$ cat coords22.cif   # mmCIF, N, CA and C atoms and all ligand atoms
data_final
loop_
_atom_site.label_atom_id
_atom_site.label_comp_id
_atom_site.auth_asym_id
_atom_site.auth_seq_id
_atom_site.Cartn_x
_atom_site.Cartn_y
_atom_site.Cartn_z
N MET A 21 -19.99 -3.50 3.78
CA MET A 21 -18.63 -3.34 4.31
C MET A 21 -18.08 -1.99 3.86
N PRO A 22 -17.33 -1.34 4.72
CA PRO A 22 -16.73 -0.06 4.33
C PRO A 22 -15.84 -0.23 3.10
N LYS A 23 -15.98 0.75 2.20
CA LYS A 23 -15.22 0.74 0.95
C LYS A 23 -14.49 2.07 0.85
N PHE A 24 -13.23 2.02 0.54
CA PHE A 24 -12.40 3.22 0.47
C PHE A 24 -11.84 3.33 -0.94
N LYS A 25 -11.89 4.54 -1.47
CA LYS A 25 -11.33 4.76 -2.81
C LYS A 25 -10.23 5.81 -2.71
N GLY A 26 -9.28 5.69 -3.61
CA GLY A 26 -8.21 6.66 -3.63
C GLY A 26 -7.57 6.71 -4.99
N SER A 27 -6.75 7.71 -5.18
CA SER A 27 -6.03 7.83 -6.45
C SER A 27 -4.78 8.68 -6.24
N CYS A 28 -3.90 8.60 -7.21
CA CYS A 28 -2.75 9.50 -7.20
C CYS A 28 -3.23 10.90 -7.61
N HIS A 29 -2.34 11.85 -7.66
CA HIS A 29 -2.74 13.23 -7.95
C HIS A 29 -3.30 13.39 -9.35
N CYS A 30 -2.70 12.73 -10.33
CA CYS A 30 -3.16 12.88 -11.72
C CYS A 30 -4.27 11.90 -12.07
N GLY A 31 -4.52 10.91 -11.21
CA GLY A 31 -5.64 10.00 -11.40
C GLY A 31 -5.35 8.78 -12.25
N LYS A 32 -4.10 8.57 -12.65
CA LYS A 32 -3.80 7.42 -13.51
C LYS A 32 -3.60 6.13 -12.72
N LEU A 33 -3.39 6.25 -11.42
CA LEU A 33 -3.36 5.08 -10.53
C LEU A 33 -4.52 5.23 -9.56
N ARG A 34 -5.28 4.16 -9.39
CA ARG A 34 -6.46 4.22 -8.52
C ARG A 34 -6.50 3.01 -7.59
N LEU A 35 -7.03 3.22 -6.40
CA LEU A 35 -7.14 2.16 -5.40
C LEU A 35 -8.59 1.99 -4.98
N THR A 36 -8.94 0.75 -4.72
CA THR A 36 -10.18 0.45 -4.02
C THR A 36 -9.83 -0.53 -2.91
N PHE A 37 -10.25 -0.22 -1.72
CA PHE A 37 -9.98 -1.07 -0.56
C PHE A 37 -11.30 -1.34 0.14
N VAL A 38 -11.60 -2.62 0.37
CA VAL A 38 -12.82 -3.02 1.05
C VAL A 38 -12.42 -3.76 2.31
N SER A 39 -13.06 -3.42 3.43
CA SER A 39 -12.68 -4.01 4.70
C SER A 39 -13.93 -4.23 5.55
N PRO A 40 -13.93 -5.26 6.39
CA PRO A 40 -15.02 -5.37 7.36
C PRO A 40 -14.93 -4.33 8.47
N SER A 41 -13.80 -3.64 8.56
CA SER A 41 -13.58 -2.67 9.64
C SER A 41 -13.74 -1.23 9.15
N LYS A 42 -14.15 -0.38 10.07
CA LYS A 42 -14.19 1.05 9.76
C LYS A 42 -12.77 1.62 9.84
N ALA A 43 -12.60 2.79 9.23
CA ALA A 43 -11.28 3.41 9.15
C ALA A 43 -10.62 3.51 10.52
N ALA A 44 -11.38 3.95 11.52
CA ALA A 44 -10.80 4.22 12.83
C ALA A 44 -10.32 2.96 13.53
N ALA A 45 -10.78 1.78 13.07
CA ALA A 45 -10.40 0.52 13.72
C ALA A 45 -9.18 -0.13 13.06
N LEU A 46 -8.70 0.45 11.99
CA LEU A 46 -7.59 -0.17 11.25
C LEU A 46 -6.25 0.37 11.75
N PRO A 47 -5.21 -0.46 11.73
CA PRO A 47 -3.91 -0.02 12.23
C PRO A 47 -3.19 0.88 11.22
N VAL A 48 -2.80 2.04 11.68
CA VAL A 48 -2.05 2.98 10.84
C VAL A 48 -0.60 2.95 11.28
N ARG A 49 0.28 2.88 10.29
CA ARG A 49 1.71 2.80 10.61
C ARG A 49 2.49 3.86 9.84
N GLU A 50 3.53 4.30 10.46
CA GLU A 50 4.53 5.15 9.80
C GLU A 50 5.83 4.38 9.82
N CYS A 51 6.23 3.95 8.65
CA CYS A 51 7.44 3.15 8.54
C CYS A 51 8.65 4.07 8.60
N GLY A 52 9.68 3.60 9.30
CA GLY A 52 10.87 4.43 9.47
C GLY A 52 11.87 4.33 8.34
N ARG A 53 11.60 3.48 7.35
CA ARG A 53 12.56 3.34 6.25
C ARG A 53 12.58 4.62 5.43
N SER A 54 13.72 4.87 4.83
CA SER A 54 13.90 6.18 4.21
C SER A 54 12.93 6.41 3.05
N PHE A 55 12.57 5.38 2.31
CA PHE A 55 11.62 5.58 1.22
C PHE A 55 10.30 6.13 1.75
N CYS A 56 9.78 5.49 2.80
CA CYS A 56 8.48 5.90 3.36
C CYS A 56 8.57 7.28 4.01
N ARG A 57 9.67 7.55 4.70
CA ARG A 57 9.85 8.86 5.32
C ARG A 57 9.88 9.95 4.27
N LYS A 58 10.60 9.70 3.18
CA LYS A 58 10.72 10.74 2.15
C LYS A 58 9.40 11.02 1.46
N HIS A 59 8.49 10.03 1.47
CA HIS A 59 7.17 10.26 0.90
C HIS A 59 6.16 10.72 1.95
N GLY A 60 6.54 10.72 3.21
CA GLY A 60 5.59 11.07 4.26
C GLY A 60 4.42 10.10 4.32
N ALA A 61 4.70 8.83 4.03
CA ALA A 61 3.63 7.84 3.91
C ALA A 61 3.08 7.42 5.27
N ARG A 62 1.77 7.23 5.31
CA ARG A 62 1.09 6.56 6.42
C ARG A 62 0.41 5.35 5.78
N THR A 63 0.71 4.17 6.28
CA THR A 63 0.23 2.96 5.61
C THR A 63 -0.71 2.17 6.50
N MET A 64 -1.44 1.29 5.86
CA MET A 64 -2.45 0.49 6.53
C MET A 64 -2.57 -0.83 5.80
N THR A 65 -2.73 -1.91 6.56
CA THR A 65 -3.00 -3.22 5.98
C THR A 65 -4.14 -3.88 6.75
N ASP A 66 -4.82 -4.80 6.10
CA ASP A 66 -5.92 -5.52 6.74
C ASP A 66 -6.03 -6.90 6.08
N PRO A 67 -5.57 -7.95 6.76
CA PRO A 67 -5.65 -9.29 6.17
C PRO A 67 -7.08 -9.72 5.88
N ALA A 68 -8.07 -9.11 6.53
CA ALA A 68 -9.49 -9.47 6.31
C ALA A 68 -10.10 -8.66 5.18
N GLY A 69 -9.36 -7.72 4.61
CA GLY A 69 -9.89 -6.88 3.54
C GLY A 69 -9.39 -7.33 2.18
N THR A 70 -9.73 -6.54 1.17
CA THR A 70 -9.20 -6.77 -0.17
C THR A 70 -8.86 -5.42 -0.79
N ALA A 71 -7.83 -5.44 -1.63
CA ALA A 71 -7.40 -4.21 -2.30
C ALA A 71 -7.31 -4.44 -3.80
N MET A 72 -7.71 -3.44 -4.55
CA MET A 72 -7.56 -3.46 -6.01
C MET A 72 -6.80 -2.20 -6.41
N ILE A 73 -5.75 -2.39 -7.17
CA ILE A 73 -4.97 -1.27 -7.68
C ILE A 73 -5.09 -1.29 -9.20
N GLU A 74 -5.51 -0.19 -9.79
CA GLU A 74 -5.66 -0.10 -11.23
C GLU A 74 -4.67 0.93 -11.77
N ALA A 75 -3.99 0.56 -12.86
CA ALA A 75 -2.98 1.45 -13.44
C ALA A 75 -3.28 1.69 -14.91
N GLU A 76 -3.37 2.96 -15.29
CA GLU A 76 -3.49 3.30 -16.71
C GLU A 76 -2.19 2.91 -17.42
N PRO A 77 -2.24 2.67 -18.73
CA PRO A 77 -1.03 2.25 -19.45
C PRO A 77 0.13 3.22 -19.22
N GLY A 78 1.27 2.68 -18.86
CA GLY A 78 2.48 3.47 -18.70
C GLY A 78 2.56 4.29 -17.43
N ALA A 79 1.53 4.20 -16.58
CA ALA A 79 1.49 5.07 -15.39
C ALA A 79 2.28 4.51 -14.22
N LEU A 80 2.51 3.19 -14.21
CA LEU A 80 3.04 2.57 -13.00
C LEU A 80 4.55 2.44 -13.02
N ASN A 81 5.18 2.98 -12.02
CA ASN A 81 6.60 2.75 -11.76
C ASN A 81 6.69 1.82 -10.57
N ALA A 82 7.10 0.58 -10.81
CA ALA A 82 7.21 -0.42 -9.74
C ALA A 82 8.64 -0.39 -9.21
N TYR A 83 8.87 0.52 -8.28
CA TYR A 83 10.21 0.77 -7.77
C TYR A 83 10.60 -0.29 -6.74
N GLN A 84 11.83 -0.74 -6.82
CA GLN A 84 12.33 -1.69 -5.83
C GLN A 84 13.60 -1.16 -5.20
N PHE A 85 13.81 -1.53 -3.94
CA PHE A 85 15.05 -1.18 -3.26
C PHE A 85 15.31 -2.22 -2.17
N GLY A 86 16.41 -2.08 -1.48
CA GLY A 86 16.72 -2.98 -0.37
C GLY A 86 16.75 -4.43 -0.83
N LEU A 87 15.94 -5.27 -0.20
CA LEU A 87 15.93 -6.69 -0.50
C LEU A 87 15.19 -7.02 -1.78
N GLY A 88 14.47 -6.05 -2.33
CA GLY A 88 13.79 -6.25 -3.61
C GLY A 88 12.63 -7.24 -3.52
N THR A 89 11.98 -7.32 -2.38
CA THR A 89 10.91 -8.31 -2.20
C THR A 89 9.52 -7.74 -2.45
N ALA A 90 9.42 -6.45 -2.71
CA ALA A 90 8.12 -5.84 -3.01
C ALA A 90 8.33 -4.73 -4.03
N ASP A 91 7.24 -4.42 -4.75
CA ASP A 91 7.24 -3.29 -5.67
C ASP A 91 6.59 -2.10 -4.97
N PHE A 92 7.27 -0.98 -4.96
CA PHE A 92 6.73 0.24 -4.37
C PHE A 92 6.12 1.06 -5.52
N LEU A 93 4.81 1.22 -5.46
CA LEU A 93 4.04 1.71 -6.60
C LEU A 93 3.99 3.23 -6.60
N VAL A 94 4.68 3.80 -7.59
CA VAL A 94 4.77 5.25 -7.72
C VAL A 94 4.20 5.63 -9.08
N CYS A 95 3.48 6.74 -9.15
CA CYS A 95 2.91 7.18 -10.41
C CYS A 95 3.99 7.84 -11.27
N ASN A 96 4.09 7.40 -12.51
CA ASN A 96 5.03 8.01 -13.45
C ASN A 96 4.62 9.43 -13.83
N GLY A 97 3.33 9.72 -13.70
CA GLY A 97 2.85 11.04 -14.11
C GLY A 97 3.03 12.09 -13.04
N CYS A 98 2.63 11.79 -11.80
CA CYS A 98 2.62 12.82 -10.75
C CYS A 98 3.53 12.52 -9.58
N GLY A 99 4.08 11.31 -9.51
CA GLY A 99 5.04 10.98 -8.46
C GLY A 99 4.44 10.54 -7.14
N ALA A 100 3.12 10.41 -7.06
CA ALA A 100 2.51 9.98 -5.79
C ALA A 100 2.85 8.53 -5.49
N TYR A 101 3.06 8.24 -4.21
CA TYR A 101 3.33 6.88 -3.74
C TYR A 101 2.02 6.27 -3.27
N MET A 102 1.61 5.16 -3.90
CA MET A 102 0.31 4.55 -3.62
C MET A 102 0.37 3.47 -2.55
N GLY A 103 1.48 2.75 -2.50
CA GLY A 103 1.60 1.63 -1.58
C GLY A 103 2.56 0.63 -2.17
N ALA A 104 2.71 -0.49 -1.48
CA ALA A 104 3.64 -1.52 -1.95
C ALA A 104 2.87 -2.80 -2.24
N PHE A 105 3.40 -3.55 -3.19
CA PHE A 105 2.74 -4.75 -3.70
C PHE A 105 3.72 -5.90 -3.63
N PHE A 106 3.25 -7.01 -3.08
CA PHE A 106 4.09 -8.19 -2.88
C PHE A 106 3.43 -9.36 -3.60
N ASP A 107 4.07 -9.85 -4.66
CA ASP A 107 3.56 -11.01 -5.39
C ASP A 107 4.26 -12.25 -4.85
N ASP A 108 3.48 -13.10 -4.19
CA ASP A 108 4.02 -14.27 -3.51
C ASP A 108 3.64 -15.51 -4.33
N ALA A 109 4.32 -15.72 -5.43
CA ALA A 109 4.06 -16.88 -6.30
C ALA A 109 2.59 -17.01 -6.67
N GLY A 110 2.00 -15.91 -7.11
CA GLY A 110 0.63 -15.95 -7.60
C GLY A 110 -0.41 -15.43 -6.64
N THR A 111 -0.10 -15.40 -5.33
CA THR A 111 -0.98 -14.77 -4.36
C THR A 111 -0.35 -13.43 -4.01
N SER A 112 -1.14 -12.37 -4.05
CA SER A 112 -0.55 -11.03 -3.92
C SER A 112 -1.14 -10.28 -2.74
N TYR A 113 -0.33 -9.42 -2.19
CA TYR A 113 -0.69 -8.64 -1.01
C TYR A 113 -0.21 -7.20 -1.20
N ALA A 114 -0.87 -6.29 -0.50
CA ALA A 114 -0.45 -4.89 -0.59
C ALA A 114 -0.54 -4.21 0.76
N THR A 115 0.28 -3.19 0.92
CA THR A 115 0.09 -2.20 1.97
C THR A 115 -0.21 -0.89 1.24
N LEU A 116 -1.16 -0.13 1.76
CA LEU A 116 -1.63 1.04 1.04
C LEU A 116 -1.29 2.32 1.79
N ASN A 117 -0.97 3.35 1.04
CA ASN A 117 -0.69 4.66 1.61
C ASN A 117 -2.03 5.38 1.83
N ILE A 118 -2.38 5.56 3.07
CA ILE A 118 -3.67 6.17 3.42
C ILE A 118 -3.81 7.57 2.82
N ASN A 119 -2.71 8.26 2.65
CA ASN A 119 -2.77 9.65 2.19
C ASN A 119 -3.37 9.81 0.80
N VAL A 120 -3.48 8.73 0.03
CA VAL A 120 -4.08 8.83 -1.30
C VAL A 120 -5.58 8.52 -1.27
N PHE A 121 -6.12 8.12 -0.12
CA PHE A 121 -7.55 7.84 -0.03
C PHE A 121 -8.36 9.15 -0.06
N ASP A 122 -9.52 9.09 -0.71
CA ASP A 122 -10.42 10.25 -0.72
C ASP A 122 -10.82 10.61 0.72
N ASP A 123 -11.03 9.60 1.56
CA ASP A 123 -11.48 9.83 2.94
C ASP A 123 -10.34 9.61 3.93
N ARG A 124 -9.16 10.11 3.59
CA ARG A 124 -7.98 9.86 4.42
C ARG A 124 -8.15 10.43 5.83
N LEU A 125 -8.96 11.48 5.98
CA LEU A 125 -9.11 12.09 7.30
C LEU A 125 -9.90 11.21 8.25
N ASP A 126 -10.59 10.18 7.72
CA ASP A 126 -11.27 9.22 8.60
C ASP A 126 -10.27 8.38 9.39
N PHE A 127 -9.05 8.30 8.89
CA PHE A 127 -7.99 7.57 9.60
C PHE A 127 -7.29 8.55 10.54
N SER A 128 -8.00 8.92 11.59
CA SER A 128 -7.49 9.98 12.46
C SER A 128 -6.65 9.42 13.61
N GLN A 129 -6.61 8.10 13.75
CA GLN A 129 -5.85 7.52 14.85
C GLN A 129 -4.35 7.78 14.66
N PRO A 130 -3.63 7.87 15.77
CA PRO A 130 -2.19 8.09 15.64
C PRO A 130 -1.51 6.90 14.97
N ALA A 131 -0.50 7.21 14.20
CA ALA A 131 0.24 6.16 13.51
C ALA A 131 1.26 5.56 14.45
N ALA A 132 1.35 4.24 14.43
CA ALA A 132 2.40 3.56 15.18
C ALA A 132 3.66 3.54 14.32
N SER A 133 4.79 3.79 14.94
CA SER A 133 6.01 3.73 14.14
C SER A 133 6.41 2.27 13.95
N ALA A 134 6.96 2.00 12.82
CA ALA A 134 7.34 0.63 12.47
C ALA A 134 8.73 0.66 11.89
N ASP A 135 9.50 -0.37 12.23
CA ASP A 135 10.87 -0.46 11.71
C ASP A 135 11.14 -1.92 11.37
N TYR A 136 11.33 -2.18 10.09
CA TYR A 136 11.52 -3.55 9.62
C TYR A 136 12.95 -3.81 9.19
N GLY A 137 13.84 -2.92 9.60
CA GLY A 137 15.22 -2.98 9.12
C GLY A 137 15.96 -4.25 9.50
N ALA A 138 15.54 -4.92 10.59
CA ALA A 138 16.26 -6.11 11.05
C ALA A 138 15.80 -7.38 10.35
N GLU A 139 14.74 -7.30 9.55
CA GLU A 139 14.22 -8.50 8.90
C GLU A 139 15.10 -8.94 7.74
N ASP A 140 15.17 -10.25 7.53
CA ASP A 140 15.75 -10.75 6.29
C ASP A 140 14.61 -10.95 5.29
N ALA A 141 14.95 -11.37 4.07
CA ALA A 141 13.93 -11.49 3.02
C ALA A 141 12.82 -12.46 3.41
N GLU A 142 13.17 -13.59 4.02
CA GLU A 142 12.15 -14.58 4.37
C GLU A 142 11.25 -14.05 5.49
N GLY A 143 11.84 -13.39 6.48
CA GLY A 143 11.05 -12.81 7.56
C GLY A 143 10.08 -11.76 7.04
N ARG A 144 10.53 -11.02 6.07
CA ARG A 144 9.68 -9.99 5.46
C ARG A 144 8.49 -10.63 4.74
N LYS A 145 8.74 -11.71 4.03
CA LYS A 145 7.65 -12.40 3.33
C LYS A 145 6.64 -12.98 4.31
N VAL A 146 7.12 -13.59 5.39
CA VAL A 146 6.24 -14.19 6.39
C VAL A 146 5.34 -13.11 6.99
N ARG A 147 5.91 -11.95 7.33
CA ARG A 147 5.10 -10.86 7.90
C ARG A 147 4.07 -10.37 6.89
N ARG A 148 4.45 -10.22 5.66
CA ARG A 148 3.51 -9.70 4.66
C ARG A 148 2.36 -10.67 4.42
N ARG A 149 2.66 -11.98 4.36
CA ARG A 149 1.58 -12.97 4.18
C ARG A 149 0.58 -12.89 5.33
N ALA A 150 1.06 -12.63 6.53
CA ALA A 150 0.19 -12.62 7.71
C ALA A 150 -0.56 -11.30 7.88
N ARG A 151 0.06 -10.18 7.49
CA ARG A 151 -0.50 -8.88 7.87
C ARG A 151 -0.98 -8.03 6.73
N TRP A 152 -0.47 -8.22 5.52
CA TRP A 152 -0.85 -7.33 4.43
C TRP A 152 -2.22 -7.69 3.87
N THR A 153 -2.76 -6.81 3.06
CA THR A 153 -4.09 -6.96 2.50
C THR A 153 -4.03 -7.78 1.21
N PRO A 154 -4.82 -8.85 1.09
CA PRO A 154 -4.88 -9.55 -0.20
C PRO A 154 -5.22 -8.54 -1.32
N ALA A 155 -4.47 -8.62 -2.42
CA ALA A 155 -4.56 -7.52 -3.39
C ALA A 155 -4.46 -8.02 -4.82
N THR A 156 -5.01 -7.21 -5.70
CA THR A 156 -4.93 -7.44 -7.15
C THR A 156 -4.39 -6.19 -7.80
N LEU A 157 -3.46 -6.37 -8.72
CA LEU A 157 -2.93 -5.25 -9.49
C LEU A 157 -3.39 -5.42 -10.94
N LYS A 158 -4.16 -4.44 -11.41
CA LYS A 158 -4.76 -4.55 -12.74
C LYS A 158 -4.13 -3.50 -13.65
N HIS A 159 -3.49 -3.97 -14.71
CA HIS A 159 -2.92 -3.06 -15.70
C HIS A 159 -3.99 -2.80 -16.76
N LEU A 160 -4.50 -1.60 -16.83
CA LEU A 160 -5.54 -1.25 -17.80
C LEU A 160 -4.92 -1.10 -19.18
N THR A 161 -5.70 -1.41 -20.20
CA THR A 161 -5.18 -1.29 -21.57
C THR A 161 -5.94 -0.24 -22.35
ZN ZN A 201 -0.48 10.24 -10.92
#
$ encode --input "coords22.cif" --output "structure tokens" --more "lines below"
Ligand SMILES: [Zn+2]
Amino acid sequence: MPKFKGSCHCGKLRLTFVSPSKAAALPVRECGRSFCRKHGARTMTDPAGTAMIEAEPGALNAYQFGLGTADFLVCNGCGAYMGAFFDDAGTSYATLNINVFDDRLDFSQPAASADYGAEDAEGRKVRRRARWTPATLKHLT
């Protein structure tokens, strides 16, 4: 299965994403929310894949805004935005910022614009359970 690796600029946050699909077959989105726009993020999720996020001690800033239903993972060292993490009572999901992948240029398909501003907290959770990538967040010691 295709395996994608990525990291923030300083390398203290790292991603591994495994999917049955090749990069070109995965949906790329550009979210219109101001956080994502300000980071220039292009994101991708795959319910059939798995994601692992590893954080060196003290490197992870789990930023929250809006409804506070997900952690937006930013590196404390270099400021790179890695993606968002949603802990749903023990089952976790993530959306990943393609721009931090080593092979980000393989995701050459145009990004679809996305706007989730009309969702309430429950609607947001339902969408994430259905569409985001099952994920693990590992705090390294
Ligand atoms: Zn960093």
$ residues_near_ligand --input "coords22.cif" --ligand "ligand ZN 201 (chain A)" --cutoff "6 Å" --atoms "only N, CA and C atoms and all ligand atoms" --output "ChimeraX atom specification"
/A:28-33,95-100
$ residues_around --input "coords22.cif" --residues "Arg34 of chain A" --least-positions-apart "4" --cutoff "8 Å" --atoms "only C-alpha atoms" --output "list in words"
Lys25, Gly26, Ser27, Cys28, Ile73, Glu74 and Ala75 of chain A
$ closest_residue --input "coords22.cif" --among "A:Ala132, A:Val146, A:Ala109, A:Ala71" --to "Pro47 of chain A" --atoms "all atoms listed in the file"
A:Ala132
$ closest_residue --input "coords22.cif" --among "A:Phe24, A:Leu160, A:Val38, A:Ala43" --to "Asp126 of chain A" --atoms "only N, CA and C atoms"
A:Ala43
$ select_by_dssp --input "coords22.cif" --residues "segment 26-143 of chain A" --states "strand (DSSP E or B)" --output "tab-separated table (two decimals) with N, CA and C atoms, keeping the file's coordinate frame"
chain	number	residue	atom	x	y	z
A	26	GLY	N	-9.28	5.69	-3.61
A	26	GLY	CA	-8.21	6.66	-3.63
A	26	GLY	C	-7.57	6.71	-4.99
A	27	SER	N	-6.75	7.71	-5.18
A	27	SER	CA	-6.03	7.83	-6.45
A	27	SER	C	-4.78	8.68	-6.24
A	33	LEU	N	-3.39	6.25	-11.42
A	33	LEU	CA	-3.36	5.08	-10.53
A	33	LEU	C	-4.52	5.23	-9.56
A	34	ARG	N	-5.28	4.16	-9.39
A	34	ARG	CA	-6.46	4.22	-8.52
A	34	ARG	C	-6.50	3.01	-7.59
A	35	LEU	N	-7.03	3.22	-6.40
A	35	LEU	CA	-7.14	2.16	-5.40
A	35	LEU	C	-8.59	1.99	-4.98
A	36	THR	N	-8.94	0.75	-4.72
A	36	THR	CA	-10.18	0.45	-4.02
A	36	THR	C	-9.83	-0.53	-2.91
A	37	PHE	N	-10.25	-0.22	-1.72
A	37	PHE	CA	-9.98	-1.07	-0.56
A	37	PHE	C	-11.30	-1.34	0.14
A	38	VAL	N	-11.60	-2.62	0.37
A	38	VAL	CA	-12.82	-3.02	1.05
A	38	VAL	C	-12.42	-3.76	2.31
A	48	VAL	N	-2.80	2.04	11.68
A	48	VAL	CA	-2.05	2.98	10.84
A	48	VAL	C	-0.60	2.95	11.28
A	49	ARG	N	0.28	2.88	10.29
A	49	ARG	CA	1.71	2.80	10.61
A	49	ARG	C	2.49	3.86	9.84
A	50	GLU	N	3.53	4.30	10.46
A	50	GLU	CA	4.53	5.15	9.80
A	50	GLU	C	5.83	4.38	9.82
A	51	CYS	N	6.23	3.95	8.65
A	51	CYS	CA	7.44	3.15	8.54
A	51	CYS	C	8.65	4.07	8.60
A	63	THR	N	0.71	4.17	6.28
A	63	THR	CA	0.23	2.96	5.61
A	63	THR	C	-0.71	2.17	6.50
A	64	MET	N	-1.44	1.29	5.86
A	64	MET	CA	-2.45	0.49	6.53
A	64	MET	C	-2.57	-0.83	5.80
A	70	THR	N	-9.73	-6.54	1.17
A	70	THR	CA	-9.20	-6.77	-0.17
A	70	THR	C	-8.86	-5.42	-0.79
A	71	ALA	N	-7.83	-5.44	-1.63
A	71	ALA	CA	-7.40	-4.21	-2.30
A	71	ALA	C	-7.31	-4.44	-3.80
A	72	MET	N	-7.71	-3.44	-4.55
A	72	MET	CA	-7.56	-3.46	-6.01
A	72	MET	C	-6.80	-2.20	-6.41
A	73	ILE	N	-5.75	-2.39	-7.17
A	73	ILE	CA	-4.97	-1.27	-7.68
A	73	ILE	C	-5.09	-1.29	-9.20
A	74	GLU	N	-5.51	-0.19	-9.79
A	74	GLU	CA	-5.66	-0.10	-11.23
A	74	GLU	C	-4.67	0.93	-11.77
A	75	ALA	N	-3.99	0.56	-12.86
A	75	ALA	CA	-2.98	1.45	-13.44
A	75	ALA	C	-3.28	1.69	-14.91
A	80	LEU	N	2.51	3.19	-14.21
A	80	LEU	CA	3.04	2.57	-13.00
A	80	LEU	C	4.55	2.44	-13.02
A	81	ASN	N	5.18	2.98	-12.02
A	81	ASN	CA	6.60	2.75	-11.76
A	81	ASN	C	6.69	1.82	-10.57
A	82	ALA	N	7.10	0.58	-10.81
A	82	ALA	CA	7.21	-0.42	-9.74
A	82	ALA	C	8.64	-0.39	-9.21
A	83	TYR	N	8.87	0.52	-8.28
A	83	TYR	CA	10.21	0.77	-7.77
A	83	TYR	C	10.60	-0.29	-6.74
A	91	ASP	N	7.24	-4.42	-4.75
A	91	ASP	CA	7.24	-3.29	-5.67
A	91	ASP	C	6.59	-2.10	-4.97
A	92	PHE	N	7.27	-0.98	-4.96
A	92	PHE	CA	6.73	0.24	-4.37
A	92	PHE	C	6.12	1.06	-5.52
A	93	LEU	N	4.81	1.22	-5.46
A	93	LEU	CA	4.04	1.71	-6.60
A	93	LEU	C	3.99	3.23	-6.60
A	94	VAL	N	4.68	3.80	-7.59
A	94	VAL	CA	4.77	5.25	-7.72
A	94	VAL	C	4.20	5.63	-9.08
A	95	CYS	N	3.48	6.74	-9.15
A	95	CYS	CA	2.91	7.18	-10.41
A	95	CYS	C	3.99	7.84	-11.27
A	101	TYR	N	3.06	8.24	-4.21
A	101	TYR	CA	3.33	6.88	-3.74
A	101	TYR	C	2.02	6.27	-3.27
A	102	MET	N	1.61	5.16	-3.90
A	102	MET	CA	0.31	4.55	-3.62
A	102	MET	C	0.37	3.47	-2.55
A	103	GLY	N	1.48	2.75	-2.50
A	103	GLY	CA	1.60	1.63	-1.58
A	103	GLY	C	2.56	0.63	-2.17
A	104	ALA	N	2.71	-0.49	-1.48
A	104	ALA	CA	3.64	-1.52	-1.95
A	104	ALA	C	2.87	-2.80	-2.24
A	105	PHE	N	3.40	-3.55	-3.19
A	105	PHE	CA	2.74	-4.75	-3.70
A	105	PHE	C	3.72	-5.90	-3.63
A	106	PHE	N	3.25	-7.01	-3.08
A	106	PHE	CA	4.09	-8.19	-2.88
A	106	PHE	C	3.43	-9.36	-3.60
A	107	ASP	N	4.07	-9.85	-4.66
A	107	ASP	CA	3.56	-11.01	-5.39
A	107	ASP	C	4.26	-12.25	-4.85
A	108	ASP	N	3.48	-13.10	-4.19
A	108	ASP	CA	4.02	-14.27	-3.51
A	108	ASP	C	3.64	-15.51	-4.33
A	111	THR	N	-0.10	-15.40	-5.33
A	111	THR	CA	-0.98	-14.77	-4.36
A	111	THR	C	-0.35	-13.43	-4.01
A	112	SER	N	-1.14	-12.37	-4.05
A	112	SER	CA	-0.55	-11.03	-3.92
A	112	SER	C	-1.14	-10.28	-2.74
A	113	TYR	N	-0.33	-9.42	-2.19
A	113	TYR	CA	-0.69	-8.64	-1.01
A	113	TYR	C	-0.21	-7.20	-1.20
A	114	ALA	N	-0.87	-6.29	-0.50
A	114	ALA	CA	-0.45	-4.89	-0.59
A	114	ALA	C	-0.54	-4.21	0.76
A	115	THR	N	0.28	-3.19	0.92
A	115	THR	CA	0.09	-2.20	1.97
A	115	THR	C	-0.21	-0.89	1.24
A	116	LEU	N	-1.16	-0.13	1.76
A	116	LEU	CA	-1.63	1.04	1.04
A	116	LEU	C	-1.29	2.32	1.79
A	117	ASN	N	-0.97	3.35	1.04
A	117	ASN	CA	-0.69	4.66	1.61
A	117	ASN	C	-2.03	5.38	1.83
A	121	PHE	N	-6.12	8.12	-0.12
A	121	PHE	CA	-7.55	7.84	-0.03
A	121	PHE	C	-8.36	9.15	-0.06
A	132	ALA	N	1.35	4.24	14.43
A	132	ALA	CA	2.40	3.56	15.18
A	132	ALA	C	3.66	3.54	14.32
A	133	SER	N	4.79	3.79	14.94
A	133	SER	CA	6.01	3.73	14.14
A	133	SER	C	6.41	2.27	13.95
A	134	ALA	N	6.96	2.00	12.82
A	134	ALA	CA	7.34	0.63	12.47
A	134	ALA	C	8.73	0.66	11.89
$ closest_residue --input "coords22.cif" --among "A:Leu116, A:Leu35, A:Ala68, A:Gly137" --to "Met21 of chain A" --atoms "only C-alpha atoms"
A:Ala68
$ atom_distance --input "coords22.cif" --atom1 "atom CA of Ser128 of chain A" --atom2 "atom CA of Ser54 of chain A"
23.2 Å
$ atom_distance --input "coords22.cif" --atom1 "atom CA of Phe121 of chain A" --atom2 "atom N of Glu76 of chain A"
16.6 Å
$ select_by_dssp --input "coords22.cif" --residues "chain A" --states "alpha helix (DSSP H)" --output "ChimeraX atom specification"
/A:54-59,141-151
$ residues_around --input "coords22.cif" --residues "Leu46 of chain A" --least-positions-apart "6" --cutoff "10 Å" --atoms "only C-alpha atoms" --output "ChimeraX atom specification"
/A:39-40,64-66,127,129
$ atom_distance --input "coords22.cif" --atom1 "atom CA of Cys56 of chain A" --atom2 "atom CA of Ser41 of chain A"
24.5 Å
$ closest_residue --input "coords22.cif" --among "A:Ala141, A:Met102, A:Val48, A:Met72" --to "Thr89 of chain A" --atoms "all atoms listed in the file"
A:Ala141
$ closest_residue --input "coords22.cif" --among "A:Cys51, A:Ala79, A:Ala45, A:Ala90" --to "Ala114 of chain A" --atoms "only C-alpha atoms"
A:Ala90
$ closest_residue --input "coords22.cif" --among "A:Arg124, A:Arg148, A:His59, A:Lys158" --to "Phe106 of chain A" --atoms "all atoms listed in the file"
A:Arg148
